[in-house]
Structures are given as structure tokens and as C-alpha cells.
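Trainee: Okay, so here is coords33.txt, and as you'll see once you scroll down, it has compact mmCIF, C-alpha atoms and all ligand atoms.
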```
# COMPACT_ATOMS: atom_id res chain seq x y z
CA MET A 17 57.89 -116.01 -24.12
CA PHE A 18 61.45 -115.06 -23.11
CA SER A 19 61.71 -111.30 -22.67
CA LEU A 20 64.14 -108.85 -21.21
CA LEU A 21 61.62 -108.36 -18.41
CA SER A 22 61.43 -112.09 -17.71
CA VAL A 23 65.05 -111.92 -16.55
CA VAL A 24 65.26 -108.21 -15.89
CA ASN A 25 63.28 -106.80 -13.04
CA ALA A 26 63.15 -103.49 -11.19
CA ARG A 27 66.69 -104.14 -9.96
CA THR A 28 67.96 -104.43 -13.52
CA ILE A 29 66.12 -101.32 -14.62
CA ASP A 30 67.83 -99.55 -11.71
CA THR A 31 71.19 -100.95 -12.86
CA LEU A 32 70.62 -99.62 -16.38
CA ALA A 33 69.51 -96.21 -15.09
CA ARG A 34 72.43 -96.03 -12.66
CA TRP A 35 74.85 -96.80 -15.49
CA PHE A 36 73.21 -94.03 -17.55
CA ARG A 37 73.46 -91.45 -14.77
CA ALA A 38 77.17 -92.27 -14.37
CA ASN A 39 78.07 -92.50 -18.06
CA ALA A 40 75.70 -90.26 -20.02
CA ARG A 41 77.43 -87.96 -22.45
CA THR A 42 77.07 -84.26 -21.76
CA LEU A 43 74.92 -82.99 -24.61
CA PRO A 44 73.53 -79.46 -24.94
CA TRP A 45 69.93 -80.67 -25.30
CA ARG A 46 70.14 -83.00 -22.33
CA GLY A 47 70.90 -81.26 -19.00
CA PRO A 48 71.04 -83.20 -15.71
CA ILE A 49 69.57 -86.72 -16.05
CA GLY A 50 66.05 -86.91 -14.66
CA ALA A 51 65.68 -83.10 -14.38
CA PRO A 52 62.75 -81.41 -16.17
CA ARG A 53 63.40 -80.82 -19.84
CA ASP A 54 62.20 -78.17 -22.25
CA PRO A 55 59.77 -80.05 -24.57
CA TRP A 56 60.56 -77.75 -27.49
CA ALA A 57 64.30 -78.42 -27.18
CA VAL A 58 63.58 -82.17 -27.00
CA LEU A 59 61.45 -82.00 -30.15
CA VAL A 60 64.10 -79.99 -32.02
CA SER A 61 67.00 -82.23 -30.97
CA GLU A 62 65.14 -85.46 -31.68
CA THR A 63 64.19 -84.16 -35.13
CA MET A 64 67.80 -83.26 -35.87
CA LEU A 65 69.12 -86.59 -34.60
CA GLN A 66 66.83 -88.69 -36.81
CA GLN A 67 69.21 -88.77 -39.77
CA THR A 68 72.24 -86.74 -38.73
CA GLN A 69 75.31 -87.79 -36.75
CA VAL A 70 75.49 -86.55 -33.14
CA ALA A 71 78.77 -84.72 -33.89
CA ARG A 72 77.07 -82.61 -36.57
CA VAL A 73 73.99 -81.96 -34.40
CA LEU A 74 76.35 -80.84 -31.63
CA GLU A 75 77.64 -78.17 -34.00
CA ARG A 76 74.24 -76.99 -35.19
CA PHE A 77 71.79 -77.43 -32.29
CA PRO A 78 73.04 -74.63 -29.96
CA ARG A 79 72.85 -72.01 -32.68
CA PHE A 80 69.46 -73.22 -33.95
CA ILE A 81 67.87 -73.22 -30.48
CA ARG A 82 69.33 -69.77 -29.71
CA ARG A 83 67.80 -68.45 -32.90
CA PHE A 84 64.48 -70.29 -32.42
CA PRO A 85 64.11 -70.84 -28.66
CA THR A 86 60.35 -71.46 -28.87
CA ALA A 87 57.80 -72.87 -31.28
CA GLN A 88 56.50 -69.30 -31.69
CA SER A 89 59.87 -67.97 -32.83
CA LEU A 90 60.25 -70.71 -35.43
CA ALA A 91 56.63 -70.37 -36.58
CA ALA A 92 57.18 -66.65 -37.23
CA ALA A 93 60.43 -67.13 -39.21
CA PRO A 94 60.53 -67.03 -43.02
CA ASP A 95 61.33 -70.29 -44.84
CA HIS A 96 64.74 -69.17 -46.04
CA ASP A 97 65.92 -68.35 -42.49
CA VAL A 98 64.91 -71.80 -41.28
CA LEU A 99 66.64 -73.55 -44.18
CA ALA A 100 69.78 -71.46 -43.70
CA GLU A 101 69.96 -72.43 -40.00
CA TRP A 102 69.49 -76.07 -40.97
CA ALA A 103 72.31 -75.95 -43.51
CA GLY A 104 74.84 -78.77 -43.24
CA MET A 105 72.51 -81.29 -41.59
CA GLY A 106 70.95 -82.64 -44.78
CA TYR A 107 67.47 -84.11 -45.18
CA TYR A 108 65.93 -80.65 -45.38
CA ARG A 109 62.44 -82.06 -45.38
CA ARG A 110 62.88 -82.32 -41.62
CA ALA A 111 63.44 -78.55 -41.39
CA ARG A 112 60.30 -77.90 -43.40
CA ASN A 113 58.32 -80.32 -41.27
CA LEU A 114 59.64 -78.81 -38.03
CA HIS A 115 58.69 -75.37 -39.33
CA ALA A 116 55.16 -76.61 -40.14
CA ALA A 117 54.99 -78.37 -36.76
CA ALA A 118 55.88 -75.10 -35.00
CA ARG A 119 53.03 -73.36 -36.82
CA MET A 120 50.63 -76.13 -35.83
CA ILE A 121 51.80 -75.93 -32.20
CA VAL A 122 51.01 -72.21 -32.22
CA ASP A 123 47.66 -72.57 -34.03
CA ARG A 124 46.29 -75.71 -32.40
CA PHE A 125 48.10 -76.08 -29.08
CA ASP A 126 48.43 -72.46 -27.88
CA GLY A 127 52.18 -72.52 -28.46
CA ALA A 128 52.88 -75.45 -26.09
CA VAL A 129 54.35 -78.72 -27.39
CA PRO A 130 51.57 -81.32 -26.95
CA ARG A 131 52.01 -83.88 -24.17
CA THR A 132 50.49 -87.06 -25.54
CA VAL A 133 51.74 -89.43 -28.22
CA GLU A 134 48.43 -89.07 -30.04
CA ASP A 135 48.69 -85.26 -30.26
CA LEU A 136 52.39 -85.36 -31.07
CA LEU A 137 51.70 -87.73 -33.97
CA ALA A 138 49.46 -85.04 -35.48
CA LEU A 139 52.50 -82.75 -35.97
CA PRO A 140 54.07 -82.81 -39.46
CA GLY A 141 57.15 -85.03 -39.60
CA VAL A 142 56.59 -86.57 -36.16
CA GLY A 143 56.50 -90.36 -36.26
CA ARG A 144 56.15 -92.98 -33.58
CA TYR A 145 59.77 -92.71 -32.43
CA THR A 146 59.84 -88.90 -32.06
CA ALA A 147 56.40 -88.82 -30.42
CA GLY A 148 57.52 -91.44 -27.90
CA ALA A 149 60.80 -89.63 -27.22
CA VAL A 150 59.14 -86.26 -26.56
CA ALA A 151 56.26 -87.74 -24.53
CA SER A 152 58.55 -89.84 -22.32
CA ILE A 153 61.63 -87.60 -22.00
CA ALA A 154 59.87 -84.24 -21.67
CA PHE A 155 56.63 -85.30 -19.98
CA GLY A 156 57.40 -88.64 -18.31
CA ASP A 157 54.66 -90.36 -20.29
CA VAL A 158 54.86 -94.19 -20.45
CA ALA A 159 55.65 -94.19 -24.16
CA PRO A 160 58.04 -96.63 -25.86
CA ILE A 161 60.72 -95.68 -28.36
CA VAL A 162 62.56 -97.80 -30.90
CA ASP A 163 65.38 -96.39 -32.98
CA GLY A 164 68.39 -98.17 -34.49
CA ASN A 165 70.30 -98.10 -31.21
CA VAL A 166 67.42 -99.43 -29.11
CA ALA A 167 66.69 -102.13 -31.69
CA ARG A 168 70.28 -103.37 -31.70
CA VAL A 169 70.47 -103.62 -27.91
CA LEU A 170 67.13 -105.39 -27.60
CA LEU A 171 67.84 -107.88 -30.37
CA ARG A 172 71.24 -108.73 -28.90
CA VAL A 173 70.00 -109.06 -25.33
CA HIS A 174 67.30 -111.42 -26.58
CA GLY A 175 69.68 -113.22 -28.95
CA ARG A 176 67.25 -112.68 -31.79
CA LYS A 177 68.91 -113.07 -35.21
CA ALA A 178 66.61 -110.86 -37.24
CA ARG A 179 66.62 -107.85 -39.51
CA VAL A 180 65.55 -104.62 -37.84
CA ASP A 181 63.33 -103.65 -40.79
CA ASP A 182 61.41 -106.93 -40.72
CA ARG A 183 57.73 -106.38 -39.84
CA GLU A 184 57.51 -109.12 -37.21
CA THR A 185 60.77 -107.89 -35.64
CA GLN A 186 59.38 -104.36 -35.44
CA ARG A 187 56.31 -105.65 -33.63
CA PHE A 188 58.54 -107.53 -31.19
CA LEU A 189 60.78 -104.50 -30.61
CA TRP A 190 57.93 -102.10 -29.90
CA GLU A 191 56.40 -104.61 -27.51
CA GLN A 192 59.70 -105.00 -25.63
CA ALA A 193 60.26 -101.25 -25.60
CA ALA A 194 56.76 -100.74 -24.17
CA ASN A 195 57.59 -103.22 -21.40
CA LEU A 196 60.78 -101.32 -20.58
CA ALA A 197 59.04 -97.94 -20.49
CA ALA A 198 56.32 -99.39 -18.24
CA ALA A 199 58.94 -100.92 -15.92
CA GLY A 200 60.76 -97.58 -15.77
CA ALA A 201 57.55 -95.73 -14.94
CA LYS A 202 56.61 -98.28 -12.30
CA GLY A 203 59.98 -98.00 -10.57
CA ARG A 204 61.82 -94.91 -9.40
CA GLN A 205 63.49 -94.09 -12.68
CA GLY A 206 60.72 -92.93 -14.99
CA ALA A 207 60.06 -94.01 -18.56
CA GLY A 208 62.08 -91.13 -20.04
CA VAL A 209 65.28 -92.02 -18.19
CA VAL A 210 65.01 -95.72 -19.10
CA ASN A 211 64.31 -94.85 -22.74
CA GLU A 212 67.29 -92.52 -22.91
CA ALA A 213 69.48 -95.02 -21.07
CA ILE A 214 68.90 -97.80 -23.58
CA MET A 215 69.46 -95.41 -26.50
CA GLU A 216 72.71 -94.25 -24.90
CA LEU A 217 73.80 -97.84 -24.36
CA GLY A 218 73.30 -98.54 -28.06
CA ALA A 219 75.08 -95.35 -29.11
CA THR A 220 78.15 -95.72 -26.90
CA VAL A 221 78.60 -99.36 -25.81
CA CYS A 222 76.50 -101.82 -27.82
CA LEU A 223 78.05 -100.63 -31.07
CA PRO A 224 77.06 -101.88 -34.52
CA ALA A 225 79.29 -104.10 -36.64
CA PRO A 226 82.02 -103.83 -37.74
CA ALA A 227 82.92 -102.14 -34.43
CA MET A 228 82.47 -104.70 -31.67
CA PRO A 229 80.24 -103.92 -28.70
CA ARG A 230 82.12 -103.24 -25.47
CA CYS A 231 80.33 -105.94 -23.50
CA GLU A 232 82.69 -105.69 -20.53
CA GLU A 233 81.29 -102.18 -19.86
CA CYS A 234 77.65 -103.13 -20.39
CA PRO A 235 75.19 -103.06 -17.48
CA LEU A 236 73.06 -105.71 -19.25
CA ALA A 237 75.97 -108.08 -19.93
CA ARG A 238 74.92 -110.78 -17.46
CA TRP A 239 71.51 -111.15 -19.13
CA CYS A 240 72.64 -110.83 -22.74
CA VAL A 241 71.98 -113.92 -24.87
CA ALA A 242 74.12 -112.68 -27.80
CA ARG A 243 77.08 -112.21 -25.52
CA ARG A 244 76.74 -115.70 -24.03
CA ALA A 245 76.57 -117.16 -27.53
CA GLY A 246 79.38 -114.96 -28.88
CA ALA A 247 76.89 -113.82 -31.54
CA GLN A 248 77.08 -110.04 -31.05
CA ALA A 249 78.55 -109.36 -34.50
CA ARG A 250 75.83 -111.45 -36.20
CA ILE A 251 72.94 -109.59 -34.56
CA PRO A 252 71.05 -107.83 -36.00
CA LEU A 253 71.09 -109.35 -39.49
CA PRO A 254 71.99 -106.86 -42.24
CA ARG A 255 69.16 -104.94 -43.87
CA ALA A 256 68.14 -105.88 -47.39
CA ALA A 257 70.38 -103.97 -49.80
CA ALA A 258 68.56 -100.97 -51.21
CA ASN A 259 68.61 -100.46 -54.96
CA LYS A 260 70.00 -96.97 -55.24
CA LYS A 261 68.96 -94.82 -58.13
CA THR A 262 71.70 -92.95 -60.01
CA VAL A 263 71.11 -89.28 -60.81
CA TYR A 264 73.49 -87.24 -63.00
CA CYS A 265 73.88 -83.55 -62.18
CA ALA A 266 75.86 -80.80 -63.90
CA SER A 267 76.37 -77.57 -61.96
CA ALA A 268 77.77 -74.25 -63.14
CA VAL A 269 79.63 -71.95 -60.77
CA VAL A 270 79.14 -68.64 -62.59
CA VAL A 271 80.83 -65.57 -61.16
CA ASP A 272 80.42 -61.95 -62.29
CA SER A 273 83.05 -59.19 -62.37
CA ARG A 274 82.27 -58.30 -58.74
CA GLY A 275 82.89 -61.85 -57.57
CA ARG A 276 79.20 -62.56 -56.99
CA VAL A 277 77.94 -66.08 -57.62
CA LEU A 278 74.78 -66.89 -59.56
CA LEU A 279 72.32 -68.96 -57.51
CA GLU A 280 68.81 -70.20 -58.08
CA GLN A 281 66.25 -71.70 -55.74
CA ARG A 282 64.96 -75.22 -56.20
CA GLY A 283 61.25 -75.94 -56.38
CA ASP A 284 59.15 -77.17 -53.48
CA GLY A 285 59.22 -80.87 -54.31
CA GLY A 286 61.82 -83.62 -54.52
CA MET A 287 65.45 -83.71 -53.55
CA TRP A 288 66.79 -80.59 -51.75
CA ALA A 289 63.38 -78.91 -52.04
CA GLY A 290 63.50 -75.14 -51.57
CA LEU A 291 67.28 -74.94 -51.17
CA TRP A 292 69.58 -72.66 -53.15
CA GLN A 293 72.02 -73.97 -55.73
CA THR A 294 74.28 -72.97 -58.56
CA PRO A 295 72.51 -73.41 -61.92
CA THR A 296 72.16 -77.18 -62.05
CA ILE A 297 70.49 -79.62 -64.36
CA GLU A 298 69.89 -83.26 -63.65
CA ARG A 299 69.03 -86.34 -65.65
CA THR A 300 68.53 -89.97 -64.80
CA ASP A 301 69.67 -91.52 -68.11
CA ARG A 302 73.05 -89.82 -68.74
CA ALA A 303 75.25 -86.94 -67.62
CA PRO A 304 74.03 -83.55 -68.93
CA THR A 305 76.38 -81.94 -71.45
CA ARG A 306 78.19 -78.64 -71.03
CA ALA A 307 76.05 -77.12 -73.80
CA GLU A 308 72.86 -78.09 -71.96
CA LEU A 309 74.18 -76.64 -68.74
CA ALA A 310 75.33 -73.42 -70.42
CA ARG A 311 71.85 -72.93 -71.88
CA ALA A 312 70.30 -73.43 -68.43
CA ALA A 313 72.82 -71.06 -66.82
CA GLY A 314 72.28 -68.39 -69.50
CA ILE A 315 75.90 -68.14 -70.65
CA ALA A 316 77.90 -69.31 -73.67
CA ALA A 317 79.23 -72.89 -73.50
CA ARG A 318 82.77 -71.69 -74.28
CA GLN A 319 82.71 -69.68 -71.03
CA LEU A 320 82.27 -72.81 -68.93
CA HIS A 321 85.31 -74.82 -67.89
CA ALA A 322 84.96 -78.39 -66.62
CA CYS A 323 86.67 -78.57 -63.28
CA GLY A 324 85.91 -81.83 -61.57
CA GLY A 325 83.24 -84.00 -60.14
CA PHE A 326 82.22 -86.10 -57.18
CA THR A 327 79.61 -88.58 -56.05
CA HIS A 328 77.12 -87.52 -53.41
CA THR A 329 75.43 -90.46 -51.71
CA THR A 330 72.03 -90.23 -50.05
CA THR A 331 69.87 -92.97 -48.57
CA HIS A 332 68.19 -93.71 -51.88
CA ARG A 333 70.44 -92.15 -54.52
CA GLU A 334 73.94 -91.90 -55.91
CA VAL A 335 74.20 -88.40 -57.34
CA GLU A 336 77.06 -87.99 -59.82
CA PHE A 337 78.03 -84.32 -60.00
CA ARG A 338 80.05 -82.69 -62.76
CA VAL A 339 81.16 -79.19 -61.89
CA TYR A 340 81.81 -76.38 -64.39
CA ALA A 341 82.89 -72.81 -63.70
CA GLY A 342 83.01 -69.60 -65.64
CA ALA A 343 83.10 -65.83 -65.36
CA ALA A 344 80.16 -64.04 -66.98
CA LYS A 345 78.23 -60.81 -67.08
CA PRO A 346 75.00 -60.85 -65.06
CA VAL A 347 72.68 -61.06 -68.04
CA ARG A 348 70.40 -63.64 -66.58
CA GLU A 349 67.12 -62.44 -65.08
CA ARG A 350 66.28 -65.61 -63.21
CA GLY A 351 68.18 -66.39 -60.01
CA ARG A 352 70.16 -64.18 -57.69
CA TRP A 353 73.74 -62.90 -57.70
CA VAL A 354 75.13 -63.42 -54.22
CA ALA A 355 78.35 -62.06 -52.70
CA PRO A 356 80.56 -64.88 -51.30
CA GLY A 357 80.28 -63.43 -47.78
CA ARG A 358 76.48 -63.83 -47.90
CA LEU A 359 76.34 -67.45 -49.05
CA GLY A 360 75.97 -68.57 -45.41
CA GLU A 361 72.64 -66.74 -45.20
CA LEU A 362 71.04 -69.06 -47.74
CA GLY A 363 70.11 -72.70 -47.35
CA LEU A 364 72.64 -74.68 -49.41
CA SER A 365 72.97 -78.45 -49.41
CA SER A 366 76.34 -79.96 -48.56
CA ALA A 367 76.60 -81.13 -52.20
CA GLN A 368 76.24 -77.54 -53.42
CA ARG A 369 78.81 -76.30 -50.91
CA ARG A 370 81.17 -78.83 -52.46
CA VAL A 371 80.24 -77.64 -55.96
CA LEU A 372 81.03 -74.06 -54.92
CA SER A 373 84.36 -74.97 -53.40
CA ILE A 374 85.44 -76.93 -56.52
CA GLY A 375 84.27 -74.16 -58.86
CA ALA A 376 85.78 -71.34 -56.82
CA GLY A 377 89.16 -73.08 -56.84
CA VAL A 378 89.15 -73.21 -60.63
CA LEU A 379 88.04 -69.60 -60.99
CA ARG A 380 90.97 -68.49 -58.87
CA THR A 381 93.25 -70.49 -61.21
CA PRO A 382 91.56 -70.40 -64.62
CA THR A 383 91.97 -73.52 -66.74
CA ARG A 384 91.37 -74.18 -70.37
CA SER A 385 88.08 -75.65 -71.41
CA ARG A 386 88.11 -79.47 -71.58
S1 LIG B 401 76.43 -107.44 -23.46
FE1 LIG B 401 77.36 -106.67 -25.31
S2 LIG B 401 76.03 -107.32 -26.99
FE2 LIG B 401 74.88 -107.56 -25.07
S3 LIG B 401 73.72 -105.67 -24.88
FE3 LIG B 401 75.61 -105.40 -23.75
S4 LIG B 401 77.06 -104.47 -25.21
FE4 LIG B 401 75.32 -105.28 -26.38
```
Is it possible to give me this structure as C-alpha cells?

Mentor:
Amino acid sequence: MFSLLSVVNARTIDTLARWFRANARTLPWRGPIGAPRDPWAVLVSETMLQQTQVARVLERFPRFIRRFPTAQSLAAAPDHDVLAEWAGMGYYRRARNLHAAARMIVDRFDGAVPRTVEDLLALPGVGRYTAGAVASIAFGDVAPIVDGNVARVLLRVHGRKARVDDRETQRFLWEQAANLAAAGAKGRQGAGVVNEAIMELGATVCLPAPAMPRCEECPLARWCVARRAGAQARIPLPRAAANKKTVYCASAVVVDSRGRVLLEQRGDGGMWAGLWQTPTIERTDRAPTRAELARAAGIAARQLHACGGFTHTTTHREVEFRVYAGAAKPVRERGRWVAPGRLGELGLSSAQRRVLSIGAGVLRTPTRSR
């Protein structure tokens, strides 16, 4: 069967690695290409990068790794500290899993990140991609990786018009990625460098539609079937459209006479598990009313002013927020009154930060109830 390796040999692997050494972005979790890497920092950065843009991870990673430089330090931290340090990156389940993984590393692996894919897969939240990334990048293990960037490059080089999420395509991609890692390990470059090189190529040159790939800068251009056929923009095929669920939320920004904001903590399951929020109720059939929200917030409905709304989009949901605000006495026993200067110490989702900013604006300029 045609494969990248049937036209790409050790010389091509060297070309790809040379391109990477010359063009790799300077990233705080990376260091000099090919130099030994801290496995804990690799695990943390790869976890963050799973569903968050590099630009946002660039903002958050240095502070997180300073605060939790080892698995032991994260394992010993309370939940709320971990969630607060994760704030702004979304998908908080990853923070909870990383926290649990740190505890398992301490309990089962004497505090050292495990070296093999098999052991890494035992850690909470670590899937095939992350296990392969840590094993190959931190330990030089011959482990393949396939993420969205790798998949796009491989499908285009092979000229394969397929959807990335198709089962047969996944089998093909992992097989090709395993060949690449093996070729990297066999040559001078090492599996980790080749794996990172192909990810970097996808992230910076072989860009997804609608941006066009910059084929003239690509070290694989001469072997690329999609380029020869002018089919880059048609590969890969679009994923099947997901049926997003709509959720309706109403949130109340309630402030007391000292300017403190009423917050409550979400339960352990579901969306935004364990994070802090303004009193919020949600429904799936219709938007909650102001009266319902007022009851949940423990204040009179006439004290709540409607002040706007927005749509928060996640992978599987469209969350329609309506925001209300009001000044009230702290009569409510549930929840916590928090000074504005201390909000940063609590884990808040980006949606709730938006709720707070909308509500705070209205409280500074009171409006009539609508
Ligand atoms: S030649 Fe173009 S389409 Fe092919 S791998 Fe390189 S950047 Fe992607």
C-alpha cells in the first residue's frame, strides 16, 4: 500500500526534523529541540493543549507549573486551588483528571511520571494521544501520536479524502504515525522529535481550511499527493455535524452593601463540575423566569434587574445565558459572599466571568426592572 514511508525514507525524516529544528516556535514547555524534557511539564502541557488554544495555554502554563512544579505539589493541593489555577482554560474535567493523575503518580509510581504508554494510560484523563506524546517526547519511547494536526498532514500527504473521525481512517492514521515514530527512532532524530515535528507542521504550515496550507514552506511538499492534485482544501473531509443541545441558564449577580458578590459551588457532576458561579438555574425546555431565579438566589424578584444575555458555545452545547443583577442583604445561608478582589482565587468558568462583568456593569448604573 502507498504510505508516507514508501516515498519517505530516513533522508525525508531528517528533512522534516531539520525543518522543525529551524522553525519550531519557542514555547515555555518545550526548551531546546532534542534536549531532555521534564516529563511532568510535558504531561501538564499536553493536557492543557488538548482542548485549549496555544495562545491561552501560553498565558496559563508558566504560572501553573510554577505553582505545581511536580506531581507531588499538585497531589497535595486542595481542589479549589487547582481549579482556580486552571481558570480560563475551560474543560475543567481535565484539571480534575490531572489532579487525580498526580495523586496516582505519587501513590503508585513513587512520584515519577511513568515511562511506558501502558502505565501512562492508567492515569485518569490520559488517552492514547497524551500517553504517546509523554512517552515519546519525554522518554524517547517509540510511541505514535495522532491529534488533529498530525491527522491533517498525514491525510493530505497521502491524498486521502476521508473524515478524521471515521474509524477506518483512525486505524490508518495510527498505523502511519507508528511508522513515522519507528523511522524517527531508527534514524538519528528520535521518535519524540519526529512526532513533535509533524504536529508543528500541522499547527503552523499545513493549516486547516478555510486558511490555505503554506505548501511552499513545507518540507514534505515534494511528496504530498494533495498538493500535486490541488486538493489541499478538500482534505480532510468535514466531520459529521454534531447535534448541539440547547441549555437555558439564568444567573443572578447579587451584591451586598459591602460590594461582595454571592457565589455558590456547583456539584461534582456535569458541566462546569465543582466550579463557582453566581446563583444560576438551568433548564433544557425553556429559559428560567426571573421569579424562579429570585427564589433560587434567595432574594425578592423585584430586586433583580434583567441586564443582558449571551450564548456560550461548547463542543456539545449552546448555552443561552440571561443575566440579572440586584443589590441585597446577605440573608442567604447557602453560598459564599466574596469580595471582588478575591474572585480570582476561585475557579470560575469563562461564562461566569462574563456573567459577572455584565451584572457588575448594571449594578454600577442601576436600571429599572424589565
Ligand atoms: S505540501 Fe501543503 S498540503 Fe501537503 S503536507 Fe505540506 S503544507 Fe500540507

Trainee: Which residue out of A:Gly203, A:Pro44, A:Gly175, A:Pro160 has the minimum interatomic distance to ligand LIG 401 (chain B) when all atoms listed in the file are used?

Mentor: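 Checking each of A:Gly203, A:Pro44, A:Gly175, A:Pro160 against ligand LIG 401 (chain B), counting all atoms listed in the file, the winner is A:Gly175.
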
Trainee: Which residue gives the smallest distance to ligand LIG 401 (chain B) among A:Pro229, A:Gly275, A:Gly286, A:Gly342, with all atoms listed in the file counted?

Mentor: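 Ranking A:Pro229, A:Gly275, A:Gly286, A:Gly342 by distance to ligand LIG 401 (chain B), first place goes to A:Pro229.
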
Trainee: For Gly143 in chain A, list every protein, DNA or RNA residue within 12 Å, evaluated using all atoms listed in the file, and leave out those in the same chain fewer than 2 positions away; present the list as a PDB file with C-alpha atoms, in the coordinates of the input.

Mentor:
```pdb
ATOM      1  CA  LEU A  59      61.450 -82.000 -30.150  1.00  0.00           C
ATOM      2  CA  GLU A  62      65.140 -85.460 -31.680  1.00  0.00           C
ATOM      3  CA  THR A  63      64.190 -84.160 -35.130  1.00  0.00           C
ATOM      4  CA  GLN A  66      66.830 -88.690 -36.810  1.00  0.00           C
ATOM      5  CA  ARG A 110      62.880 -82.320 -41.620  1.00  0.00           C
ATOM      6  CA  ASN A 113      58.320 -80.320 -41.270  1.00  0.00           C
ATOM      7  CA  VAL A 133      51.740 -89.430 -28.220  1.00  0.00           C
ATOM      8  CA  GLU A 134      48.430 -89.070 -30.040  1.00  0.00           C
ATOM      9  CA  ASP A 135      48.690 -85.260 -30.260  1.00  0.00           C
ATOM     10  CA  LEU A 136      52.390 -85.360 -31.070  1.00  0.00           C
ATOM     11  CA  LEU A 137      51.700 -87.730 -33.970  1.00  0.00           C
ATOM     12  CA  ALA A 138      49.460 -85.040 -35.480  1.00  0.00           C
ATOM     13  CA  LEU A 139      52.500 -82.750 -35.970  1.00  0.00           C
ATOM     14  CA  PRO A 140      54.070 -82.810 -39.460  1.00  0.00           C
ATOM     15  CA  GLY A 141      57.150 -85.030 -39.600  1.00  0.00           C
ATOM     16  CA  TYR A 145      59.770 -92.710 -32.430  1.00  0.00           C
ATOM     17  CA  THR A 146      59.840 -88.900 -32.060  1.00  0.00           C
ATOM     18  CA  ALA A 147      56.400 -88.820 -30.420  1.00  0.00           C
ATOM     19  CA  GLY A 148      57.520 -91.440 -27.900  1.00  0.00           C
ATOM     20  CA  ALA A 149      60.800 -89.630 -27.220  1.00  0.00           C
ATOM     21  CA  VAL A 150      59.140 -86.260 -26.560  1.00  0.00           C
ATOM     22  CA  ILE A 161      60.720 -95.680 -28.360  1.00  0.00           C
ATOM     23  CA  VAL A 162      62.560 -97.800 -30.900  1.00  0.00           C
ATOM     24  CA  ASP A 163      65.380 -96.390 -32.980  1.00  0.00           C
TER      25      ASP A 163
END
```

Trainee: At a cut-off of 9 Å, using all atoms listed in the file, what residues contact range 27-35 of chain A? Leave out same-chain residues fewer than 2 positions from it and give the result as a PyMOL selection string.

Mentor: chain A and resi 21+23-25+37-40+196+199-200+203-205+209-210+212-214+217+234-236

Trainee: Counting all atoms listed in the file, figure out which residue out of A:Ala341, A:Val271, A:Val335, A:Ala167 gets nearest to ligand LIG 401 (chain B).

Mentor: A:Ala167
